[in-house]
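What follows is the content of data_15.txt, which has compact mmCIF, C-alpha atoms:
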# COMPACT_ATOMS: atom_id res chain seq x y z
CA MET A 1 10.86 116.05 -38.20
CA GLY A 2 7.36 116.71 -36.91
CA ASP A 3 5.85 117.32 -40.38
CA VAL A 4 2.99 115.84 -42.40
CA LEU A 5 3.09 114.71 -46.03
CA ALA A 6 -0.32 113.96 -47.55
CA GLY A 7 -0.47 111.70 -50.58
CA ILE A 8 -3.05 109.63 -52.44
CA HIS A 9 -4.75 107.13 -50.09
CA ALA A 10 -2.39 107.88 -47.17
CA THR A 11 -0.76 110.55 -45.03
CA TRP A 12 2.69 110.24 -43.49
CA GLU A 13 3.30 111.99 -40.16
CA PHE A 14 6.99 112.25 -39.30
CA ASP A 15 8.13 112.02 -35.68
CA THR A 16 11.57 112.01 -34.10
CA ASP A 17 12.00 108.23 -34.24
CA SER A 18 9.23 106.96 -36.51
CA VAL A 19 6.72 107.75 -39.23
CA LEU A 20 3.01 107.24 -38.60
CA ILE A 21 1.20 106.15 -41.78
CA ARG A 22 -2.53 106.91 -41.71
CA PHE A 23 -4.54 105.31 -44.49
CA GLU A 24 -7.69 106.87 -45.93
CA ARG A 25 -11.00 105.03 -45.85
CA GLY A 26 -12.46 106.21 -49.15
CA ILE A 27 -14.10 103.89 -51.65
CA ARG A 28 -11.06 104.06 -53.95
CA THR A 29 -8.57 103.28 -51.20
CA PRO A 30 -7.25 99.69 -51.42
CA ARG A 31 -9.09 97.53 -48.91
CA LEU A 32 -5.83 96.36 -47.34
CA PHE A 33 -5.03 99.99 -46.44
CA GLN A 34 -8.49 100.46 -44.98
CA SER A 35 -8.05 97.30 -42.92
CA LEU A 36 -4.67 98.44 -41.58
CA ARG A 37 -5.99 101.95 -40.77
CA GLU A 38 -2.66 103.22 -39.48
CA ARG A 39 0.84 101.87 -38.83
CA ARG A 40 3.77 103.33 -36.94
CA ILE A 41 7.07 102.50 -38.65
CA PRO A 42 10.23 103.08 -36.59
CA TYR A 43 13.08 104.51 -38.65
CA ALA A 44 15.16 101.61 -37.32
CA ALA A 45 12.90 99.30 -39.38
CA LEU A 46 13.88 100.95 -42.70
CA SER A 47 16.72 99.98 -45.02
CA SER A 48 16.44 102.65 -47.73
CA VAL A 49 14.23 105.35 -49.23
CA THR A 50 13.56 105.95 -52.93
CA LEU A 51 11.66 108.52 -54.98
CA THR A 52 10.65 107.46 -58.48
CA PRO A 53 8.21 108.59 -61.20
CA GLY A 54 4.78 107.01 -60.91
CA LYS A 55 1.87 106.54 -63.29
CA ARG A 56 -0.25 109.35 -64.73
CA GLY A 57 1.59 112.38 -63.38
CA THR A 58 2.62 111.09 -59.98
CA VAL A 59 5.77 110.36 -58.01
CA VAL A 60 6.22 107.54 -55.51
CA LEU A 61 8.01 107.87 -52.19
CA HIS A 62 8.96 104.37 -51.12
CA ALA A 63 10.37 103.58 -47.67
CA VAL A 64 11.90 100.12 -48.05
CA PRO A 65 11.77 98.06 -44.81
CA ARG A 66 14.61 95.89 -43.62
CA PRO A 67 14.09 92.15 -44.17
CA GLY A 68 12.57 90.67 -41.03
CA ALA A 69 11.37 93.99 -39.62
CA ASP A 70 7.66 93.83 -40.47
CA PRO A 71 5.52 90.72 -39.88
CA LEU A 72 3.06 91.87 -42.55
CA LEU A 73 5.68 91.83 -45.30
CA GLU A 74 7.28 88.68 -43.92
CA ALA A 75 3.94 86.91 -44.18
CA ALA A 76 3.36 88.33 -47.68
CA ALA A 77 6.78 87.04 -48.82
CA GLY A 78 6.97 89.27 -51.88
CA GLN A 79 3.42 88.55 -53.10
CA LEU A 80 1.98 92.06 -52.65
CA LYS A 81 1.29 94.06 -55.78
CA GLU A 82 2.69 97.59 -55.95
CA GLY A 83 -0.74 99.16 -55.60
CA ILE A 84 -1.25 97.67 -52.14
CA ASP A 85 2.28 98.07 -50.79
CA PRO A 86 1.74 100.04 -47.53
CA TYR A 87 5.27 101.49 -47.76
CA ARG A 88 4.58 103.37 -51.02
CA LEU A 89 3.21 106.93 -50.85
CA VAL A 90 1.88 108.17 -54.20
CA LEU A 91 1.88 111.97 -54.66
CA PRO A 92 1.02 114.37 -57.52
CA ALA A 93 4.08 115.14 -59.64
CA GLU A 94 3.95 118.83 -58.65
CA ARG A 95 4.88 117.78 -55.13
CA GLU A 96 8.08 116.08 -56.24
CA THR A 97 10.34 118.74 -54.70
CA LEU A 98 8.62 118.38 -51.32
CA ALA A 99 8.76 114.59 -51.60
CA GLU A 100 12.49 114.76 -52.36
CA TYR A 101 13.00 116.84 -49.22
CA TYR A 102 11.32 114.22 -47.05
CA ALA A 103 13.17 111.42 -48.81
CA ASP A 104 16.46 113.12 -47.91
CA GLU A 105 15.28 113.64 -44.34
CA LEU A 106 14.43 109.96 -44.01
CA ARG A 107 17.76 108.87 -45.48
CA ALA A 108 19.51 111.07 -42.92
CA VAL A 109 17.98 109.20 -39.97
CA LEU A 110 18.83 105.71 -41.20
CA GLY A 111 21.48 104.11 -39.02
CA PRO A 112 24.29 101.67 -39.83
CA GLU A 113 21.96 98.73 -39.08
CA ALA A 114 19.81 99.68 -42.09
CA SER A 115 21.90 97.47 -44.36
CA VAL A 116 21.36 94.26 -42.38
CA PRO A 117 18.23 92.16 -41.73
CA ALA A 118 16.38 92.84 -38.50
CA GLU A 119 16.83 90.24 -35.76
CA ARG A 120 13.25 90.74 -34.57
CA PHE A 121 10.06 92.39 -35.68
CA LEU A 122 10.27 96.17 -35.26
CA VAL A 123 6.83 97.01 -36.66
CA THR A 124 3.74 96.05 -34.68
CA ALA A 125 1.48 93.44 -36.24
CA PRO A 126 -2.30 93.93 -36.51
CA GLU A 127 -3.96 93.15 -33.19
CA ALA A 128 -6.07 90.12 -32.31
CA PRO A 129 -8.85 89.05 -32.09
CA MET A 130 -9.16 88.48 -35.82
CA HIS A 131 -11.12 86.21 -38.13
CA PHE A 132 -11.87 85.69 -41.80
CA LYS A 133 -13.86 83.33 -43.99
CA ALA A 134 -11.92 81.04 -46.32
CA TYR A 135 -13.48 78.73 -48.91
CA ASP A 136 -13.53 75.63 -46.71
CA GLY A 137 -13.70 77.09 -43.21
CA ARG A 138 -13.66 80.04 -40.86
CA ALA A 139 -10.31 81.01 -39.34
CA GLY A 140 -10.12 82.74 -35.95
CA PHE A 141 -7.26 84.04 -33.81
CA ASP A 142 -7.65 85.33 -30.26
CA GLY A 143 -3.98 86.11 -29.61
CA SER A 144 -3.01 82.72 -28.22
CA LEU A 145 -5.06 80.18 -30.20
CA VAL A 146 -5.72 79.77 -33.91
CA SER A 147 -8.96 77.96 -34.74
CA PHE A 148 -10.32 76.49 -37.98
CA ARG A 149 -14.03 75.66 -38.14
CA TRP A 150 -14.94 73.77 -41.32
CA PHE A 151 -17.80 74.58 -43.69
CA TRP A 152 -19.77 71.55 -44.82
CA THR A 153 -20.12 73.11 -48.28
CA GLY A 154 -16.39 73.49 -48.89
CA ALA A 155 -14.28 71.33 -46.58
CA SER A 156 -12.86 68.05 -47.82
CA SER A 157 -13.86 64.74 -46.23
CA ALA A 158 -10.35 64.58 -44.72
CA LYS A 159 -10.97 67.81 -42.82
CA TRP A 160 -14.43 66.70 -41.72
CA LYS A 161 -12.96 63.46 -40.40
CA ALA A 162 -10.32 65.41 -38.48
CA GLY A 163 -12.89 67.81 -37.03
CA ASP A 164 -12.58 71.48 -36.19
CA GLN A 165 -9.07 72.43 -35.18
CA THR A 166 -7.41 74.53 -32.48
CA PHE A 167 -3.68 75.33 -32.54
CA PRO A 168 -1.91 76.96 -29.56
CA VAL A 169 0.52 79.58 -30.85
CA ALA A 170 3.23 78.16 -28.60
CA GLU A 171 3.14 74.94 -30.62
CA LEU A 172 3.58 76.62 -34.01
CA GLY A 173 6.82 77.34 -35.85
CA GLY A 174 5.51 79.64 -38.56
CA ILE A 175 2.91 80.20 -41.26
CA GLU A 176 2.63 79.85 -45.02
CA TRP A 177 0.44 82.36 -46.83
CA ARG A 178 -0.24 82.16 -50.54
CA SER A 179 -2.17 85.16 -51.84
CA PRO A 180 -5.88 84.66 -52.60
CA GLU A 181 -5.16 86.49 -55.86
CA ALA A 182 -3.02 83.56 -56.98
CA LEU A 183 -4.18 80.14 -58.09
CA GLU A 184 -4.73 77.76 -55.17
CA GLY A 185 -4.13 80.31 -52.42
CA TYR A 186 -4.13 79.15 -48.81
CA LEU A 187 -3.05 79.83 -45.24
CA ARG A 188 -1.18 76.96 -43.60
CA LEU A 189 0.06 76.71 -40.02
CA VAL A 190 3.49 75.13 -39.64
CA PRO A 191 4.17 73.16 -36.43
CA ARG A 192 7.37 73.70 -34.52
CA GLY A 193 10.12 71.53 -35.90
CA ALA A 194 8.71 71.69 -39.42
CA ALA A 195 9.37 75.42 -39.83
CA ALA A 196 13.02 74.75 -40.65
CA ASP A 197 11.88 74.15 -44.24
CA SER A 198 11.15 77.88 -44.43
CA GLU A 199 13.33 80.16 -42.32
CA ALA A 200 10.75 82.94 -42.36
CA GLY A 201 7.83 80.56 -41.91
CA CYS A 202 6.47 81.68 -45.30
CA PRO A 203 6.52 80.51 -48.91
CA ASP A 204 9.33 81.67 -51.18
CA PRO A 205 8.49 84.81 -53.20
CA VAL A 206 8.96 83.20 -56.62
CA PRO A 207 6.55 81.95 -59.28
CA GLY A 208 4.82 78.88 -57.91
CA ALA A 209 5.51 79.96 -54.32
CA GLY A 210 3.32 78.46 -51.67
CA GLN A 211 3.02 75.08 -53.33
CA PRO A 212 3.54 72.35 -50.76
CA ALA A 213 6.87 70.55 -50.90
CA VAL A 214 7.07 67.07 -52.36
CA GLY A 215 5.50 64.61 -49.94
CA ARG A 216 3.46 67.21 -48.05
CA VAL A 217 -0.30 67.03 -47.77
CA GLN A 218 -2.17 69.29 -50.18
CA PRO A 219 -3.74 72.30 -48.38
CA ASP A 220 -7.29 71.17 -49.14
CA GLN A 221 -6.54 67.90 -47.31
CA ASP A 222 -4.49 69.42 -44.47
CA PRO A 223 -6.40 70.18 -41.22
CA ALA A 224 -3.70 72.77 -40.45
CA ALA A 225 -4.64 74.83 -43.53
CA VAL A 226 -7.57 76.76 -44.93
CA VAL A 227 -7.81 77.24 -48.68
CA PHE A 228 -8.96 80.32 -50.55
CA GLY A 229 -11.36 80.53 -53.45
CA LEU A 230 -12.98 83.25 -55.51
CA GLY A 231 -14.45 85.71 -53.03
CA TYR A 232 -13.06 83.87 -50.00
CA GLY A 233 -10.02 84.89 -47.94
CA PRO A 234 -9.31 88.25 -49.63
CA VAL A 235 -5.90 89.83 -49.07
CA HIS A 236 -7.17 92.57 -46.76
CA GLU A 237 -8.53 89.94 -44.35
CA SER A 238 -6.18 86.98 -44.62
CA LEU A 239 -2.84 88.83 -44.76
CA PRO A 240 -3.24 90.87 -41.52
CA PHE A 241 -4.47 87.64 -39.92
CA ALA A 242 -1.34 85.79 -41.10
CA ALA A 243 0.89 88.64 -39.88
CA ALA A 244 -0.71 88.66 -36.43
CA VAL A 245 -0.24 84.91 -36.07
CA LEU A 246 3.36 85.08 -37.31
CA GLU A 247 4.22 87.86 -34.86
CA SER A 248 2.75 85.86 -31.96
CA VAL A 249 4.64 82.75 -33.07
CA ARG A 250 7.96 84.61 -33.13
CA ARG A 251 7.29 86.12 -29.73
CA THR A 252 6.68 82.72 -28.14
CA GLN A 253 9.36 80.72 -29.94
CA SER A 254 11.70 80.93 -26.96
CA VAL A 255 9.25 78.81 -24.94
CA PRO A 256 10.13 75.10 -25.34
CA VAL A 257 7.31 72.77 -26.38
CA THR A 258 7.34 69.14 -27.41
CA THR A 259 3.80 68.49 -28.60
CA ALA A 260 2.24 68.96 -32.02
CA PRO A 261 -0.93 70.95 -32.84
CA VAL A 262 -3.94 69.31 -31.22
CA LEU A 263 -7.46 68.56 -32.37
CA VAL A 264 -10.31 70.42 -30.82
CA GLY A 265 -13.51 69.10 -29.43
CA GLY A 266 -14.05 71.76 -26.92
CA ALA A 267 -16.76 74.17 -25.99
CA ARG A 268 -20.50 73.69 -26.38
CA ARG A 269 -21.89 74.69 -29.75
CA ASP A 270 -25.21 75.74 -31.19
CA PRO A 271 -27.51 72.65 -31.43
CA ALA A 272 -28.57 73.72 -34.93
CA ASP A 273 -24.92 73.74 -35.99
CA ILE A 274 -24.41 70.27 -34.50
CA ALA A 275 -27.47 68.97 -36.31
CA GLU A 276 -26.21 70.37 -39.63
CA ARG A 277 -22.81 68.75 -39.14
CA MET A 278 -24.42 65.42 -38.26
CA ARG A 279 -26.47 65.57 -41.47
CA HIS A 280 -23.29 66.19 -43.45
CA LEU A 281 -21.58 63.33 -41.62
CA GLY A 282 -24.46 61.08 -42.59
CA ASP A 283 -24.08 62.12 -46.23
CA LEU A 284 -20.37 61.23 -46.11
CA HIS A 285 -21.24 57.87 -44.53
CA GLN A 286 -23.86 57.08 -47.16
CA ALA A 287 -21.40 58.00 -49.91
CA GLY A 288 -18.87 55.55 -48.49
CA LEU A 289 -16.36 58.27 -47.59
CA VAL A 290 -16.60 57.50 -43.87
CA THR A 291 -16.48 53.98 -42.43
CA ASP A 292 -19.04 52.66 -39.94
CA SER A 293 -16.59 52.98 -37.05
CA GLU A 294 -15.56 56.50 -38.07
CA TYR A 295 -19.21 57.49 -38.41
CA SER A 296 -20.07 56.16 -34.95
CA ALA A 297 -17.05 57.80 -33.31
CA LYS A 298 -17.65 61.18 -34.96
CA LYS A 299 -21.37 61.07 -34.18
CA ALA A 300 -20.59 60.44 -30.51
CA GLU A 301 -18.09 63.30 -30.56
CA LEU A 302 -20.69 65.70 -31.99
CA LEU A 303 -23.34 64.61 -29.49
CA ALA A 304 -20.87 65.24 -26.68
CA GLU A 305 -20.61 68.87 -27.77
CA LEU A 306 -24.31 69.48 -27.03
Rendering of file as structure tokens:
Amino acid sequence: MGDVLAGIHATWEFDTDSVLIRFERGIRTPRLFQSLRERRIPYAALSSVTLTPGKRGTVVLHAVPRPGADPLLEAAAGQLKEGIDPYRLVLPAERETLAEYYADELRAVLGPEASVPAERFLVTAPEAPMHFKAYDGRAGFDGSLVSFRWFWTGASSAKWKAGDQTFPVAELGGIEWRSPEALEGYLRLVPRGAAADSEAGCPDPVPGAGQPAVGRVQPDQDPAAVVFGLGYGPVHESLPFAAAVLESVRRTQSVPVTTAPVLVGGARRDPADIAERMRHLGDLHQAGLVTDSEYSAKKAELLAEL
């Protein structure tokens, strides 16, 4: 098509085989859009196109992706509100005729595969390295390893006992992301073999989604999860992170592995950080939350990191 359609918060640039969505960076633009910056969506990733009336004198052009085509929406699992759906272009009502033209043009390029789920991701995930701050720890992803570093002010004693965590992507089967805008939001890593409980590696998009299944460890006690709280793990940081991890997991799933996610001791750390963690460990020991043997073992582990 080779044309440009400018809307509110985004501009769509149409090419022969894809549409490039460029998001604005203004103060009123949703922060998720600002974080994504731009996304190229192949027409092969779309299932349908709609044009509907919007709010306050607007129309909405909505390119609906095929299930399984976009790691961002797979990670979101139906939890995104309309206002931060990156596939919706809001335009002034006076541009409805032009929007209808582009809607028809998009429908014309959809192939027969548009009606079936995609067998692989067709839209590129946000790129690593990435990180964000959750309530009980800092999550990092370098493209091959996911790391959780616990905060002494928020992490449970179970997570402090387990220590900071590192998870090779090749040993993961999926992710579970529950929106920080919901009660008890979290990001959980699912080891290979356990992902069969969720075919997409994500929680079901229904009320109460993301709650751990009966018998599973609660996210605040699970060293393979970080939990969100007010002001921690906002959507624009945690969702692109989850999508990037999920895309890497899918790409490596053909590589056979037999081990589970491993604990990290690892690289040398800042002595001040070690001292702070040892003080917190001592507090846990004094409170009776850590046994003498656990205290001694963890103290030796922290000293070894110096």
- Message: Quick check, in Å to one decimal: how far apart do CA of Phe148 (chain A) and CA of Leu122 (chain A) lie?
- Response: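 These atoms are spaced 28.6 Å apart.
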- Which of these residues is nearest to Leu106 (chain A), using all atoms listed in the file: A:Asp3, A:Glu301, A:Asp292, A:Asp220? A:Asp3
- Item | Neighbour list for Val245 (chain A) as a count of residues only, cut-off 12 Å, all atoms listed in the file, skip fewer than 3 positions in-chain | 48
- Task: Take CA of Gly154 (chain A) and CA of Gly137 (chain A) and report the distance between them in Å, one decimal.
- Result: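 CA of Gly154 (chain A) sits 7.2 Å away from CA of Gly137 (chain A).
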- Task: With a distance cut-off of 6 Å and all atoms listed in the file, select the neighbouring residues of Arg22 (chain A), excluding the residue or stretch itself and same-chain residues fewer than 4 positions from it, and output the selection as a PyMOL selection string.
- Result: chain A and resi 10-11+38
How would the residues just picked look written out with C-alpha atoms as a PDB file, in the coordinates of the input?
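Listed below is the output, again18.pdb:
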ATOM      1  CA  ALA A  10      -2.390 107.880 -47.170  1.00  0.00           C
ATOM      2  CA  THR A  11      -0.760 110.550 -45.030  1.00  0.00           C
ATOM      3  CA  GLU A  38      -2.660 103.220 -39.480  1.00  0.00           C
TER       4      GLU A  38
END
- Task: Might you pull out every residue within 10 Å of Ala44 (chain A), with only C-alpha atoms counted and same-chain residues fewer than 6 positions away left off, and present them as a PyMOL selection string?
- Result: chain A and resi 17-18+65-66+69+109-114+118+122-123
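Nearest residue to Thr153 (chain A) among A:Arg277, A:His9, A:Lys299, A:Arg40 is A:Arg277, counting all atoms listed in the file.
Going from CA of Pro223 (chain A) to CA of Thr291 (chain A) covers 19.1 Å.
Omitting Gly231 (chain A) and its sequence neighbours fewer than 2 positions away, and counting only C-alpha atoms, the residues within 12 Å are Phe132, Lys133, Ala134, Tyr135, Asp136, Pro180, Glu181, Gly185, Val227, Phe228, Gly229, Gly233, Pro234, Val235, His236, Glu237 and Ser238 of chain A.
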- Message: Which residues are near region 46-60 of chain A? Cut-off 9 Å, all atoms listed in the file, ignore same chain within fewer than 2 positions. Put them as a ChimeraX atom specification.
- Response: /A:41-44,62-67,69,88-96,99-100,103-104,106-107,110-111,113-117
Selection to disk with C-alpha atoms, as a compact mmCIF listing (two decimals), in the coordinates of the input:
# COMPACT_ATOMS: atom_id res chain seq x y z
CA ILE A 41 7.07 102.50 -38.65
CA PRO A 42 10.23 103.08 -36.59
CA TYR A 43 13.08 104.51 -38.65
CA ALA A 44 15.16 101.61 -37.32
CA HIS A 62 8.96 104.37 -51.12
CA ALA A 63 10.37 103.58 -47.67
CA VAL A 64 11.90 100.12 -48.05
CA PRO A 65 11.77 98.06 -44.81
CA ARG A 66 14.61 95.89 -43.62
CA PRO A 67 14.09 92.15 -44.17
CA ALA A 69 11.37 93.99 -39.62
CA ARG A 88 4.58 103.37 -51.02
CA LEU A 89 3.21 106.93 -50.85
CA VAL A 90 1.88 108.17 -54.20
CA LEU A 91 1.88 111.97 -54.66
CA PRO A 92 1.02 114.37 -57.52
CA ALA A 93 4.08 115.14 -59.64
CA GLU A 94 3.95 118.83 -58.65
CA ARG A 95 4.88 117.78 -55.13
CA GLU A 96 8.08 116.08 -56.24
CA ALA A 99 8.76 114.59 -51.60
CA GLU A 100 12.49 114.76 -52.36
CA ALA A 103 13.17 111.42 -48.81
CA ASP A 104 16.46 113.12 -47.91
CA LEU A 106 14.43 109.96 -44.01
CA ARG A 107 17.76 108.87 -45.48
CA LEU A 110 18.83 105.71 -41.20
CA GLY A 111 21.48 104.11 -39.02
CA GLU A 113 21.96 98.73 -39.08
CA ALA A 114 19.81 99.68 -42.09
CA SER A 115 21.90 97.47 -44.36
CA VAL A 116 21.36 94.26 -42.38
CA PRO A 117 18.23 92.16 -41.73
- Nearest-residue call for Trp160 (chain A), choices A:Ser35, A:Gln221, A:Ser179, A:Gln286, using only C-alpha atoms: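 Among the listed residues, A:Gln221 lies closest to Trp160 (chain A).
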- Kindly indicate which residue among A:Gln165, A:Ala275, A:Ala194, A:Gly83 lies nearest to Arg31 (chain A), using only C-alpha atoms for the distances.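 Looking only at the distances to Arg31 (chain A), the closest residue turns out to be A:Gly83.
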- Measuring atom to atom with all atoms listed in the file, identify which of A:Arg37, A:Arg178, A:His280, A:Arg138 is nearest to Asp164 (chain A).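 Nearest to Asp164 (chain A): A:Arg138.
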- Item | Nearest to Leu80 (chain A) by atom-to-atom distance, counting only C-alpha atoms, from A:Ala108, A:Leu32, A:Glu13, A:Lys159 |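 Among the listed residues, the smallest separation from Leu80 (chain A) belongs to A:Leu32.
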